[in-house]
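Beneath this line is the structure, given in structure tokens, with notes to follow.
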Amino acid sequence: MKKFRWILLLTFVALAAAQQKDNSVAGSRASEPWTAIRAGVLIDGKSNQLRRDQVIVIHGNHIESVTDSAAAKIPAGATVIDLSKATVLPGLIDCHTHIFLQGEDPAEGGYDANILNQPAALRAARATVSVRRALEQGFTTLRDVETEGAGYGDVGIKEAIEEGYIPGPRLFVSTRAISTTGGYPLEGYAPELDMPKGAQIVDGPVEARKAAREQLDHGADWIKVYMTHRSWVGKNGELVSQPTLTVEELRAIVDETHGWGKKVACHAYGGIGLHRALDGGCDSIEHGLDLDDAAIAQMLKQGTWYVPTISVYYHDWAPADTAAGQRDRLRVALHEPSFKKAMKAGVKIAFGTDMGGIPWNEPIGQEFPRMVDLGMSPMDAIQSATTRAAALLDMEGKLGVVAPGAFADVIAVGGDPVQDVRALQNMQFVMKDGKVFRSEGVGNPATAQ
């Protein structure tokens, strides 16, 4: 009997504690602010149809409801934001950035100066400017694919954003990236010198698996792998891209990363390295300048994502009469039809820019008209940076949509991006996690009665 009484007592205590916890959570939730946004036109990220005269009700950092204005129920005391003359969209997602690069000027030392001249604190400070500029432009989420010699600095920037020390988008980070001996800068120095590298160098499946484990253990959300390195014009006028990791090395990385429930992004231009990337099971092909028919068929079969990063290849061409200049022009000449073939075939395409390769003071949205000029509809281009990018990040329903249950990441522009996608380069309003970061040309918020 005594034992039974103890069981009853312990059960009562456990139930009371659970109830107290539930009440605490409910009380905390009840104290979160309410916001209502009046949207003149809504692009919700998932539908091809525009919705007009909508009211988006936000509680804390989540969207509670999206309804026609005539049927909307705005909670008393809610802050009302009037975007009735704007086009409202979900926060945008860039799936390929480098916040620790600044579009390095060759006259100032180029890439090598990042590692040889700039202290880590300076690089981190510059990265804080990069993430702020991304958020200013309506990009509320970034997948940052490597720190280029800054170690695990992206993890630190991510933590600083999450803890409210600096403004910035949500970050999905790849930390150091992985390549092989002879597969990444710094290069061209005396062979007697042991130069630092911009990525973690491995040789063999054992080292490859260990590097993946180290990076995942230190906070990587994704693993980034370089499957090609240098490229040049071959003797028959083709683009040759130097392969790096073997299939066995990549499979070790993919196996380890997938075991942690995470994914692998593969930088691959074309040729041997591209096919090794696909045979090794990577989850996304980055750049993919020279996609042949076999690669596209394999991407479709395996469900591999394509993040093309078009705009960056129109920057910084070498003179046309040089080997580097011929290579630069051939890259673009091949990239455009590759993108078109992949799009026509139905390959899953997510928006990515390679910002950092492009200076951060340039518009991130310049990628949208590039995609449209190559045949993608404006709505598809928008969805590549919203709902489809969210799917790549395994964040369907949470990011890239204006819908109940999603994070309250909401942006607005003055024009109509479906008619002219360049409107996305002129951001008027940015909200991330229910907090307004930017509000220009928008009426003063009011309080619902």
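Numbering starts fresh at 1 for the residues of each chain in the structure tokens, the chains themselves are lettered A, B, ... in the order given, and ligands are numbered from 1 as they appear.
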Could you build a table of the residues in range 159-250 of chain A lying no more than 10 Å from range 289-294 of chain A, giving for each the nearest pair of atoms and their separation in Å rounded to one decimal place, using only C-alpha atoms, ordered by chain and ascending residue number, as CSV?
```
residue,atom,partner,partner_atom,distance
A:Glu238,CA,A:Asp290,CA,9.7
A:Leu239,CA,A:Asp290,CA,7.9
A:Val240,CA,A:Asp290,CA,9.7
A:Ser241,CA,A:Asp290,CA,9.6
```
Export of the given selection (N, CA and C atoms) as a PDB file, in the first residue's frame:
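And here is the file that came out, selection_21.pdb:
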```pdb
ATOM      1  N   GLU A 238      36.775  22.923 -75.976  1.00  0.00           N
ATOM      2  CA  GLU A 238      35.849  22.560 -74.901  1.00  0.00           C
ATOM      3  C   GLU A 238      36.322  23.142 -73.573  1.00  0.00           C
ATOM      4  N   LEU A 239      35.406  23.239 -72.618  1.00  0.00           N
ATOM      5  CA  LEU A 239      35.771  23.673 -71.270  1.00  0.00           C
ATOM      6  C   LEU A 239      36.220  22.453 -70.487  1.00  0.00           C
ATOM      7  N   VAL A 240      37.463  22.474 -70.042  1.00  0.00           N
ATOM      8  CA  VAL A 240      38.008  21.386 -69.232  1.00  0.00           C
ATOM      9  C   VAL A 240      38.015  21.827 -67.774  1.00  0.00           C
ATOM     10  N   SER A 241      37.481  21.022 -66.900  1.00  0.00           N
ATOM     11  CA  SER A 241      37.463  21.332 -65.476  1.00  0.00           C
ATOM     12  C   SER A 241      38.186  20.219 -64.723  1.00  0.00           C
TER      13      SER A 241
END
```
Each residue of range 253-305 of chain A lying at most 12 Å from range 388-408 of chain A should get a row with its shortest atom-to-atom pair and the distance in Å to one decimal, counting only C-alpha atoms; could you produce that, ordered by chain and increasing number, as JSON lines?
```
{"residue": "A:Gly261", "atom": "CA", "partner": "A:Asp394", "partner_atom": "CA", "distance": 10.6}
{"residue": "A:Lys262", "atom": "CA", "partner": "A:Asp394", "partner_atom": "CA", "distance": 9.5}
{"residue": "A:Lys263", "atom": "CA", "partner": "A:Leu393", "partner_atom": "CA", "distance": 8.9}
{"residue": "A:Val264", "atom": "CA", "partner": "A:Leu392", "partner_atom": "CA", "distance": 11.0}
{"residue": "A:Ala265", "atom": "CA", "partner": "A:Leu392", "partner_atom": "CA", "distance": 10.5}
{"residue": "A:Asp283", "atom": "CA", "partner": "A:Leu392", "partner_atom": "CA", "distance": 8.7}
{"residue": "A:Ser284", "atom": "CA", "partner": "A:Leu392", "partner_atom": "CA", "distance": 8.4}
{"residue": "A:Ile285", "atom": "CA", "partner": "A:Leu392", "partner_atom": "CA", "distance": 11.6}
{"residue": "A:Gly303", "atom": "CA", "partner": "A:Leu392", "partner_atom": "CA", "distance": 10.5}
{"residue": "A:Thr304", "atom": "CA", "partner": "A:Leu392", "partner_atom": "CA", "distance": 9.5}
{"residue": "A:Trp305", "atom": "CA", "partner": "A:Leu392", "partner_atom": "CA", "distance": 7.2}
```
Next item on the list: Would you kindly return, as a ChimeraX atom specification, each protein, DNA or RNA residue with an atom no farther than 8 Å from any atom of range 357-365 of chain A, considering only C-alpha atoms and excluding same-chain residues fewer than 4 positions away?
Entry: /A:98,101-104,130,133-134,137,312,315,353,369,422,424-425
Pull all heavy atoms from the residues just selected and write them as a CSV table (one decimal), in the first residue's frame.
```
chain,number,residue,atom,x,y,z
A,98,HIS,N,28.8,33.8,-50.0
A,98,HIS,CA,30.1,33.7,-49.2
A,98,HIS,C,30.2,35.0,-48.4
A,98,HIS,O,30.7,36.0,-49.0
A,98,HIS,CB,31.3,33.5,-50.1
A,98,HIS,CG,31.2,32.2,-50.9
A,98,HIS,ND1,31.7,31.0,-50.4
A,98,HIS,CD2,30.9,32.0,-52.2
A,98,HIS,CE1,31.5,30.1,-51.3
A,98,HIS,NE2,31.0,30.6,-52.4
A,101,LEU,N,33.6,36.8,-48.2
A,101,LEU,CA,34.3,37.4,-49.4
A,101,LEU,C,33.6,38.7,-49.7
A,101,LEU,O,32.4,38.9,-49.4
A,101,LEU,CB,34.2,36.4,-50.6
A,101,LEU,CG,35.0,35.1,-50.5
A,101,LEU,CD1,34.8,34.3,-51.8
A,101,LEU,CD2,36.5,35.5,-50.4
A,102,GLN,N,34.3,39.5,-50.4
A,102,GLN,CA,33.8,40.9,-50.7
A,102,GLN,C,34.0,41.2,-52.2
A,102,GLN,O,34.2,42.4,-52.5
A,102,GLN,CB,34.5,41.9,-49.8
A,102,GLN,CG,34.4,41.6,-48.4
A,102,GLN,CD,32.9,41.8,-47.8
A,102,GLN,OE1,32.2,42.6,-48.3
A,102,GLN,NE2,32.6,41.0,-46.9
A,103,GLY,N,34.0,40.2,-53.1
A,103,GLY,CA,34.2,40.5,-54.5
A,103,GLY,C,35.6,41.0,-54.7
A,103,GLY,O,35.8,42.1,-55.3
A,104,GLU,N,36.6,40.3,-54.2
A,104,GLU,CA,37.9,40.8,-54.0
A,104,GLU,C,38.5,41.5,-55.2
A,104,GLU,O,38.5,40.9,-56.3
A,104,GLU,CB,38.8,39.7,-53.5
A,104,GLU,CG,38.3,38.9,-52.4
A,104,GLU,CD,37.8,39.7,-51.2
A,104,GLU,OE1,38.4,40.8,-50.9
A,104,GLU,OE2,36.8,39.3,-50.5
A,130,SER,N,28.0,42.3,-44.7
A,130,SER,CA,27.5,41.4,-45.7
A,130,SER,C,26.1,41.0,-45.4
A,130,SER,O,25.1,41.1,-46.1
A,130,SER,CB,28.4,40.2,-46.0
A,130,SER,OG,29.7,40.6,-46.4
A,133,ARG,N,23.5,43.8,-45.3
A,133,ARG,CA,23.1,44.2,-46.7
A,133,ARG,C,22.2,43.2,-47.3
A,133,ARG,O,21.2,43.5,-48.0
A,133,ARG,CB,24.4,44.3,-47.6
A,133,ARG,CG,25.2,45.6,-47.2
A,133,ARG,CD,26.4,45.7,-48.1
A,133,ARG,NE,27.0,47.1,-47.9
A,133,ARG,CZ,28.3,47.4,-48.2
A,133,ARG,NH1,29.1,46.4,-48.7
A,133,ARG,NH2,28.8,48.6,-47.9
A,134,ALA,N,22.4,41.9,-47.0
A,134,ALA,CA,21.4,40.9,-47.5
A,134,ALA,C,20.0,41.1,-47.0
A,134,ALA,O,19.0,41.1,-47.7
A,134,ALA,CB,21.9,39.5,-47.2
A,137,GLN,N,18.0,43.9,-48.4
A,137,GLN,CA,17.5,43.6,-49.8
A,137,GLN,C,16.4,42.6,-49.8
A,137,GLN,O,16.0,42.1,-50.8
A,137,GLN,CB,18.7,43.2,-50.7
A,137,GLN,CG,19.7,44.3,-50.9
A,137,GLN,CD,20.8,43.9,-51.8
A,137,GLN,OE1,20.7,43.5,-52.9
A,137,GLN,NE2,22.1,43.9,-51.2
A,312,VAL,N,27.3,35.8,-61.5
A,312,VAL,CA,28.7,36.0,-61.1
A,312,VAL,C,29.7,35.7,-62.3
A,312,VAL,O,30.8,36.3,-62.4
A,312,VAL,CB,29.1,35.0,-60.0
A,312,VAL,CG1,29.0,33.5,-60.4
A,312,VAL,CG2,30.4,35.4,-59.3
A,315,HIS,N,31.1,38.8,-64.4
A,315,HIS,CA,31.9,39.7,-63.8
A,315,HIS,C,33.4,39.4,-64.0
A,315,HIS,O,33.8,38.3,-64.1
A,315,HIS,CB,31.7,39.7,-62.2
A,315,HIS,CG,30.4,40.4,-61.8
A,315,HIS,ND1,29.2,39.9,-62.1
A,315,HIS,CD2,30.2,41.5,-61.1
A,315,HIS,CE1,28.2,40.6,-61.6
A,315,HIS,NE2,28.8,41.6,-61.0
A,353,THR,N,23.4,33.0,-55.9
A,353,THR,CA,24.1,34.1,-56.6
A,353,THR,C,25.6,34.0,-56.6
A,353,THR,O,26.2,34.6,-57.4
A,353,THR,CB,23.7,35.5,-55.9
A,353,THR,OG1,24.1,35.4,-54.5
A,353,THR,CG2,22.2,35.7,-56.0
A,369,PRO,N,16.7,38.8,-63.1
A,369,PRO,CA,16.5,39.1,-64.5
A,369,PRO,C,17.4,38.2,-65.4
A,369,PRO,O,17.1,37.9,-66.5
A,369,PRO,CB,16.9,40.6,-64.7
A,369,PRO,CG,17.6,41.0,-63.4
A,369,PRO,CD,17.0,40.1,-62.4
A,422,ARG,N,12.7,43.0,-62.0
A,422,ARG,CA,13.7,43.9,-61.5
A,422,ARG,C,13.1,44.7,-60.3
A,422,ARG,O,13.9,45.3,-59.6
A,422,ARG,CB,14.2,44.9,-62.6
A,422,ARG,CG,15.0,44.2,-63.6
A,422,ARG,CD,15.3,45.1,-64.8
A,422,ARG,NE,16.2,44.4,-65.8
A,422,ARG,CZ,15.8,43.5,-66.7
A,422,ARG,NH1,14.5,43.2,-66.7
A,422,ARG,NH2,16.7,43.0,-67.5
A,424,LEU,N,12.2,43.5,-57.7
A,424,LEU,CA,12.8,42.9,-56.5
A,424,LEU,C,14.1,43.5,-56.1
A,424,LEU,O,14.6,43.1,-55.0
A,424,LEU,CB,12.9,41.4,-56.7
A,424,LEU,CG,11.6,40.6,-56.9
A,424,LEU,CD1,11.8,39.2,-57.2
A,424,LEU,CD2,10.7,40.7,-55.6
A,425,GLN,N,14.7,44.4,-56.9
A,425,GLN,CA,15.9,45.1,-56.5
A,425,GLN,C,15.6,46.4,-55.8
A,425,GLN,O,16.6,47.1,-55.4
A,425,GLN,CB,16.7,45.3,-57.8
A,425,GLN,CG,17.2,44.1,-58.5
A,425,GLN,CD,18.0,44.3,-59.7
A,425,GLN,OE1,18.8,45.3,-59.7
A,425,GLN,NE2,17.9,43.5,-60.7
```
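If only C-alpha atoms are the atoms counted, then among A:Ala208, A:Val254, A:Ala107, A:Ala385 the closest residue to Arg143 in chain A is A:Ala385.
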Can you pull out the residues contacting Lys73 in chain A? Cut-off 10 Å, using only C-alpha atoms, and skip same-chain residues under 5 positions away; I want them as a compact mmCIF listing (two decimals) with C-alpha atoms, in the first residue's frame.
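Now in out.txt:
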```txt
# COMPACT_ATOMS: atom_id res chain seq x y z
CA ALA A 36 -1.54 42.66 -39.00
CA VAL A 55 -4.64 40.58 -44.34
CA ILE A 56 -1.74 38.69 -42.80
CA VAL A 57 -2.07 38.24 -39.03
CA SER A 65 -3.67 33.54 -40.72
CA THR A 67 -7.41 35.98 -45.30
CA ASP A 68 -9.35 38.30 -47.58
```
Check: Mind checking DSSP for range 222-394 of chain A and telling me the helix (DSSP H, G or I) residues as JSON, numbers by chain?
Finding: {"A": [247, 248, 249, 250, 251, 252, 253, 254, 255, 256, 257, 258, 259, 271, 272, 273, 274, 275, 276, 277, 278, 279, 293, 294, 295, 296, 297, 298, 299, 300, 301, 302, 311, 312, 313, 314, 323, 324, 325, 326, 327, 328, 329, 330, 331, 332, 333, 334, 335, 336, 337, 338, 339, 340, 341, 342, 343, 344, 345, 364, 365, 366, 367, 368, 369, 370, 371, 372, 373, 378, 379, 380, 381, 382, 383, 384, 387, 388, 389, 390, 391, 392]}
Next item on the list: Have a look at A:Ile37, A:Ile93, A:Ile161, A:Met195 and name the one nearest to Leu116 in chain A; count only C-alpha atoms.
Entry: A:Met195
Next item on the list: DSSP on the backbone, then: every residue of range 173-401 of chain A marked strand (DSSP E or B), written as a PyMOL selection string.
Entry: chain A and resi 173+178-180+200-202+222-226+228-233+239-243+263-270+284-290+305-307+348-349+355+358
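Using only C-alpha atoms, the nearest neighbour of Glu286 in chain A within the list A:Cys95, A:Pro445, A:Gly414, A:Gly234 is A:Cys95.
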Margin query: Please report the interatomic distance between CA of Val442 in chain A and CA of Pro417 in chain A in Å with one decimal.
Written below: 18.0 Å
Item checked: Å distance separating CA of Asp316 in chain A from CA of Asn114 in chain A, one decimal place -> 17.8 Å
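Straight-line separation from CA of Leu135 in chain A to CA of Ile58 in chain A: 19.6 Å.
The protein and nucleic acid residues lying at most 10 Å from Met343 in chain A are Ile296, Tyr306, Pro337, Ser338, Phe339, Lys340, Gly346, Val347, Lys348, Ile349, Leu374, Gly375 and Met376 of chain A, with only C-alpha atoms considered and sequence neighbours fewer than 3 positions away removed.
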